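S.K.: This is protein-v6.cif, which holds mmCIF, C-alpha atoms and all ligand atoms:
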data_start
loop_
_atom_site.label_atom_id
_atom_site.label_comp_id
_atom_site.auth_asym_id
_atom_site.auth_seq_id
_atom_site.Cartn_x
_atom_site.Cartn_y
_atom_site.Cartn_z
CA MET A 162 4.74 -4.23 -5.29
CA ASN A 163 2.36 -6.37 -7.25
CA GLU A 164 0.30 -5.83 -10.35
CA LYS A 165 -2.82 -7.63 -9.26
CA GLU A 166 -5.65 -5.87 -7.50
CA THR A 167 -6.16 -8.68 -5.03
CA VAL A 168 -3.65 -11.06 -3.54
CA GLU A 169 -4.34 -14.48 -2.13
CA THR A 170 -3.46 -14.14 1.54
CA THR A 171 -5.11 -17.19 3.03
CA GLU A 172 -2.32 -19.50 1.96
CA THR A 173 0.02 -20.53 4.74
CA GLU A 174 3.53 -19.08 4.56
CA PRO A 175 6.42 -20.12 6.83
CA GLU A 176 5.81 -18.31 10.13
CA LYS A 177 9.35 -16.97 10.24
CA PHE A 178 8.71 -14.80 7.20
CA ARG A 179 4.99 -14.12 7.53
CA LEU A 180 3.58 -11.46 5.21
CA ARG A 181 2.74 -8.22 6.99
CA THR A 182 -0.40 -6.45 5.83
CA ILE A 183 -2.55 -3.59 7.06
CA ILE A 184 -5.33 -6.01 7.94
CA SER A 185 -4.43 -6.25 11.64
CA ASP A 186 -3.27 -3.43 13.91
CA SER A 187 -0.06 -5.18 14.99
CA ASP A 188 1.03 -5.57 11.38
CA VAL A 189 0.61 -1.84 10.74
CA GLY A 190 3.24 -1.20 13.40
CA ASP A 191 5.71 -3.43 11.61
CA LEU A 192 5.13 -1.70 8.27
CA ARG A 193 5.47 1.80 9.73
CA LYS A 194 8.82 1.22 11.46
CA PRO A 195 11.87 2.37 9.41
CA SER A 196 14.41 -0.34 8.51
CA ASP A 197 18.09 -0.43 9.50
CA PRO A 198 21.13 -0.31 7.18
CA VAL A 199 22.83 -3.64 6.42
CA SER A 200 26.57 -4.16 6.90
CA LEU A 201 28.63 -6.33 4.56
CA THR A 202 29.08 -8.89 7.35
CA GLU A 203 25.36 -8.96 7.91
CA LEU A 204 24.68 -9.33 4.19
CA ASN A 205 26.91 -12.41 4.10
CA SER A 206 25.25 -14.03 7.11
CA SER A 207 23.09 -17.12 6.72
CA ASP A 208 20.13 -15.28 8.24
CA THR A 209 20.25 -12.61 5.54
CA LYS A 210 20.72 -15.15 2.76
CA GLU A 211 17.66 -16.98 4.04
CA LEU A 212 15.70 -13.71 4.11
CA ILE A 213 16.70 -12.83 0.53
CA GLN A 214 15.66 -16.28 -0.65
CA ALA A 215 12.30 -15.89 1.12
CA LEU A 216 11.74 -12.54 -0.65
CA LYS A 217 12.59 -14.03 -4.04
CA ASP A 218 10.40 -17.04 -3.41
CA TYR A 219 7.42 -14.90 -2.38
CA VAL A 220 7.63 -12.62 -5.42
CA THR A 221 8.11 -15.56 -7.77
CA LYS A 222 5.30 -17.59 -6.24
CA HIS A 223 2.77 -14.75 -6.10
CA GLY A 224 3.62 -13.01 -9.37
CA GLY A 225 4.80 -9.72 -7.90
CA LEU A 226 7.16 -7.05 -9.14
CA GLY A 227 9.05 -6.49 -5.90
CA MET A 228 9.06 -6.92 -2.14
CA ALA A 229 10.83 -5.32 0.82
CA ALA A 230 12.20 -7.21 3.83
CA VAL A 231 9.91 -5.30 6.19
CA GLN A 232 6.92 -6.90 4.46
CA LEU A 233 8.14 -10.23 5.83
CA GLY A 234 8.73 -8.69 9.25
CA VAL A 235 12.49 -8.03 9.02
CA HIS A 236 13.57 -4.41 9.44
CA LYS A 237 16.62 -4.46 7.19
CA ARG A 238 17.19 -2.16 4.23
CA ILE A 239 16.83 -4.86 1.59
CA PHE A 240 14.36 -5.39 -1.21
CA VAL A 241 14.08 -7.48 -4.33
CA MET A 242 12.63 -6.26 -7.62
CA ARG A 243 12.01 -7.63 -11.07
CA ARG A 244 14.37 -5.84 -13.39
CA PRO A 245 13.47 -5.25 -16.14
CA PHE A 246 10.03 -5.23 -14.52
CA ASN A 247 8.51 -7.70 -16.99
CA SER A 248 11.41 -10.14 -16.80
CA GLY A 249 12.14 -13.20 -14.71
CA ASN A 250 15.25 -11.61 -13.24
CA LEU A 251 15.09 -10.62 -9.57
CA SER A 252 17.63 -8.01 -8.48
CA VAL A 253 18.58 -7.70 -4.82
CA ILE A 254 18.94 -4.09 -3.62
CA VAL A 255 20.67 -3.35 -0.30
CA ASN A 256 20.95 0.08 1.41
CA PRO A 257 19.40 1.95 -1.53
CA VAL A 258 19.71 5.71 -1.89
CA ILE A 259 18.09 7.93 -4.54
CA HIS A 260 20.49 10.77 -5.30
CA ARG A 261 18.41 12.63 -7.83
CA GLY A 262 15.37 12.18 -9.99
CA THR A 263 13.64 13.85 -12.88
CA GLY A 264 10.21 13.80 -14.48
CA HIS A 265 6.93 12.56 -13.03
CA ALA A 266 4.44 9.90 -13.94
CA VAL A 267 1.13 8.89 -12.37
CA LYS A 268 0.16 5.22 -12.48
CA GLY A 269 -1.90 2.70 -10.53
CA GLU A 270 -0.02 0.48 -8.07
CA GLY A 271 -0.61 -2.65 -6.08
CA CYS A 272 1.08 -3.89 -2.91
CA PHE A 273 1.25 -7.28 -1.19
CA SER A 274 0.80 -5.53 2.17
CA LEU A 275 -2.37 -3.73 1.10
CA PRO A 276 -4.67 -6.49 -0.16
CA ASN A 277 -8.37 -6.15 -0.91
CA MET A 278 -8.29 -2.46 -1.74
CA PRO A 279 -11.57 -1.01 -3.04
CA ALA A 280 -9.70 1.01 -5.67
CA THR A 281 -6.27 1.03 -7.25
CA PRO A 282 -4.47 4.12 -5.94
CA MET A 283 -2.87 6.34 -8.55
CA VAL A 284 0.62 7.25 -7.34
CA LYS A 285 2.82 10.06 -8.63
CA ARG A 286 6.50 9.15 -8.80
CA MET A 287 9.69 10.33 -10.47
CA SER A 288 10.12 8.77 -13.90
CA MET A 289 13.92 8.67 -13.89
CA ILE A 290 16.15 8.17 -10.84
CA HIS A 291 19.87 7.99 -10.19
CA VAL A 292 20.62 5.57 -7.35
CA THR A 293 23.32 3.82 -5.37
CA TYR A 294 23.03 0.56 -3.46
CA MET A 295 24.89 -2.64 -2.65
CA ASP A 296 24.08 -5.74 -4.67
CA GLU A 297 23.52 -9.28 -3.40
CA ASN A 298 27.27 -9.98 -3.52
CA GLY A 299 28.14 -6.90 -1.48
CA VAL A 300 29.41 -4.93 -4.48
CA GLU A 301 28.67 -1.20 -4.26
CA GLN A 302 26.75 0.04 -7.29
CA ALA A 303 27.86 3.65 -7.46
CA GLN A 304 26.15 4.74 -10.66
CA ASP A 305 22.85 3.27 -11.70
CA MET A 306 19.90 4.84 -13.44
CA LEU A 307 16.36 3.51 -13.64
CA VAL A 308 13.48 4.72 -15.79
CA GLY A 309 9.76 4.03 -16.17
CA MET A 310 8.40 1.00 -14.32
CA ASP A 311 11.85 0.07 -13.01
CA ALA A 312 12.10 3.51 -11.37
CA ARG A 313 8.55 3.18 -10.01
CA ILE A 314 9.17 -0.20 -8.40
CA PHE A 315 12.45 0.98 -6.88
CA GLN A 316 10.70 3.99 -5.30
CA HIS A 317 7.78 1.88 -4.04
CA GLU A 318 10.08 -0.62 -2.33
CA LEU A 319 12.42 2.07 -0.95
CA ASP A 320 9.38 3.75 0.60
CA HIS A 321 8.68 0.50 2.49
CA LEU A 322 12.16 0.74 4.06
CA ASN A 323 11.17 4.16 5.42
CA GLY A 324 7.78 3.02 6.74
CA VAL A 325 5.93 4.75 3.89
CA LEU A 326 3.05 3.06 2.07
CA MET A 327 1.81 3.84 -1.42
CA THR A 328 -1.47 4.97 0.11
CA ASP A 329 0.38 7.89 1.70
CA LYS A 330 1.14 9.16 -1.80
CA LYS A 331 -2.08 8.41 -3.64
CA SER A 332 -3.73 10.99 -5.79
CA GLY A 333 -7.22 9.58 -5.64
CA GLY A 334 -9.47 6.63 -6.31
CA ARG A 335 -13.19 6.09 -5.77
CA GLY A 336 -13.98 4.78 -2.30
CA PHE A 337 -10.36 5.04 -1.34
CA GLN A 338 -10.52 7.75 1.33
CA GLN A 339 -13.18 5.94 3.32
CA TRP A 340 -11.23 2.71 3.18
CA LYS A 341 -8.04 4.46 4.30
CA ARG A 342 -9.71 5.80 7.46
CA SER A 343 -10.00 2.25 8.71
CA PHE A 344 -6.29 2.06 9.58
ZN ZN A 401 4.40 -2.60 -1.39
#
Rewrite the structure from the file as structure tokens, please.

M.R.:
Amino acid sequence: MNEKETVETTETEPEKFRLRTIISDSDVGDLRKPSDPVSLTELNSSDTKELIQALKDYVTKHGGLGMAAVQLGVHKRIFVMRRPFNSGNLSVIVNPVIHRGTGHAVKGEGCFSLPNMPATPMVKRMSMIHVTYMDENGVEQAQDMLVGMDARIFQHELDHLNGVLMTDKKSGGRGFQQWKRSF
């Protein structure tokens, strides 16, 4: 998730972790495929450590709020998010599950994988969520609660792991429907 309306996508990224967007048909397939759970052994592998570093680097470099592994072409249930959302701290979230949520809020969102949108989609999400996940060190986080923007980012990135894009949940935006029909 990013907070800018447009993202610079012409810059060259390492091919191994190329950003997936909805600009080309093949990339849509990547973004729509659900991601697989990550085992502790897998989390500790050098491949996964490299992936996590690539996610952190991308979000840091491009000023985002979060990013899911699938956006770099890896179908593992991992994402990184700024938490608190306006801080420099990047939390690594593995195998996330939302157990319950309360309240609703509607707010505009951005996404690295949906650049050049004609309008910022307004997305309705739960305003407080109770979640479990595994952290970067493989420690199970059995009781965690997120509110406000932290809850929004968590839901946005978890959607990516299920092949869901924010545009599937939009509640409007001028010119948006016509743009959406193009993919
Ligand atoms: Zn996104």

S.K.: If you take all atoms listed in the file and a cut-off of 8 Å, which residues of chain A touch ligand ZN 401 (chain A), and what are their nearest atom pairs and distances in Å to one decimal, in chain and number order, as a Markdown table?

M.R.:
| residue | atom | partner | partner_atom | distance |
| --- | --- | --- | --- | --- |
| A:Met162 | CA | A:ZN401 | ZN | 4.2 |
| A:Asn163 | CA | A:ZN401 | ZN | 7.3 |
| A:Gly227 | CA | A:ZN401 | ZN | 7.6 |
| A:Met228 | CA | A:ZN401 | ZN | 6.4 |
| A:Ala229 | CA | A:ZN401 | ZN | 7.3 |
| A:Gln232 | CA | A:ZN401 | ZN | 7.7 |
| A:Gly271 | CA | A:ZN401 | ZN | 6.9 |
| A:Cys272 | CA | A:ZN401 | ZN | 3.9 |
| A:Phe273 | CA | A:ZN401 | ZN | 5.6 |
| A:Ser274 | CA | A:ZN401 | ZN | 5.8 |
| A:Leu275 | CA | A:ZN401 | ZN | 7.3 |
| A:His317 | CA | A:ZN401 | ZN | 6.2 |
| A:Glu318 | CA | A:ZN401 | ZN | 6.1 |
| A:His321 | CA | A:ZN401 | ZN | 6.6 |
| A:Leu326 | CA | A:ZN401 | ZN | 6.8 |
| A:Met327 | CA | A:ZN401 | ZN | 6.9 |

S.K.: So, counting only C-alpha atoms, which residue among A:Asn323, A:Gln214, A:Ser288, A:Thr221 is closest to Asp191 (chain A)?

M.R.: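 Ranking A:Asn323, A:Gln214, A:Ser288, A:Thr221 by distance to Asp191 (chain A), first place goes to A:Asn323.
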
S.K.: Find the spatial neighbours of Gly262 (chain A), counting all atoms listed in the file, within a cut-off of 10 Å - ignore same-chain residues fewer than 5 positions away - and output them as a list in words.

M.R.: Arg286, Met287, Ser288, Met289, Ile290, His291, Val292, Met306, Leu307, Val308 and Ala312 of chain A

S.K.: Nearest to Val241 (chain A) among A:Thr263, A:Asp311, A:Leu216, A:Thr328, with distances taken over all atoms listed in the file: which residue is it?

M.R.: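 Nearest to Val241 (chain A): A:Leu216.
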
S.K.: Once you count all atoms listed in the file, which residues end up no further than 6 Å from (4.8, 7.0, 7.4) in the file's frame, shown as a list in words?

M.R.: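 Here is the list of nearby residues: Arg193, Gly324 and Val325 of chain A.
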
S.K.: From the set A:Leu322, A:Ile314, A:Val189, A:Val267, which residue has the shortest atom-to-atom contact distance to Gly225 (chain A), counting all atoms listed in the file?

M.R.: A:Ile314

S.K.: Rounded to one decimal in Å, what is the spacing between CA of His223 (chain A) and CA of Lys285 (chain A)?

M.R.: 24.9 Å

S.K.: Near Ser252 (chain A), counting only C-alpha atoms, which residues have an atom at most 10 Å away, once you skip same-chain residues fewer than 6 positions from it, shown as number ranges by chain?

M.R.: A: 217, 227, 240-245, 296-297

S.K.: With C-alpha atoms retained, could you export that selection as a PDB file, in the frame of the given file?

M.R.:
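Generated output (selection23.pdb):
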ATOM      1  CA  LYS A 217      12.590 -14.030  -4.040  1.00  0.00           C
ATOM      2  CA  GLY A 227       9.050  -6.490  -5.900  1.00  0.00           C
ATOM      3  CA  PHE A 240      14.360  -5.390  -1.210  1.00  0.00           C
ATOM      4  CA  VAL A 241      14.080  -7.480  -4.330  1.00  0.00           C
ATOM      5  CA  MET A 242      12.630  -6.260  -7.620  1.00  0.00           C
ATOM      6  CA  ARG A 243      12.010  -7.630 -11.070  1.00  0.00           C
ATOM      7  CA  ARG A 244      14.370  -5.840 -13.390  1.00  0.00           C
ATOM      8  CA  PRO A 245      13.470  -5.250 -16.140  1.00  0.00           C
ATOM      9  CA  ASP A 296      24.080  -5.740  -4.670  1.00  0.00           C
ATOM     10  CA  GLU A 297      23.520  -9.280  -3.400  1.00  0.00           C
TER      11      GLU A 297
END

S.K.: Here is a test: counting all atoms listed in the file, which residue of A:Leu212, A:Val253, A:Val220, A:Val235 is nearest to Asn298 (chain A)?

M.R.: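 Smallest distance to Asn298 (chain A) is found for A:Val253.
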
S.K.: So which one's closest to Leu204 (chain A), A:Lys237, A:Lys330, A:Arg181, A:Lys222? Using all atoms listed in the file, please.

M.R.: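 So, comparing all the options, the nearest one is A:Lys237.
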
S.K.: Just give me the gap between CA of Met278 (chain A) and CA of Asp329 (chain A) in Å, one decimal is fine.

M.R.: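 Here the two named atoms are 13.9 Å from each other.
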
S.K.: For a quick check of understanding, using only C-alpha atoms, which of A:Leu226, A:Lys177, A:Met310, A:Gln304 has the smallest distance to Ala266 (chain A)?

M.R.: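 Looking at the shortest contact to Ala266 (chain A), the residue is A:Met310.
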
S.K.: Please report the interatomic distance between CA of Gln316 (chain A) and CA of Thr202 (chain A) in Å with one decimal.

M.R.: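 Between CA of Gln316 (chain A) and CA of Thr202 (chain A) the gap works out to 25.8 Å.
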
S.K.: May I have the residues within 9 Å of Pro198 (chain A) as number ranges by chain, using all atoms listed in the file and disregarding those fewer than 6 positions away in the same chain?

M.R.: A: 236-239, 255-256
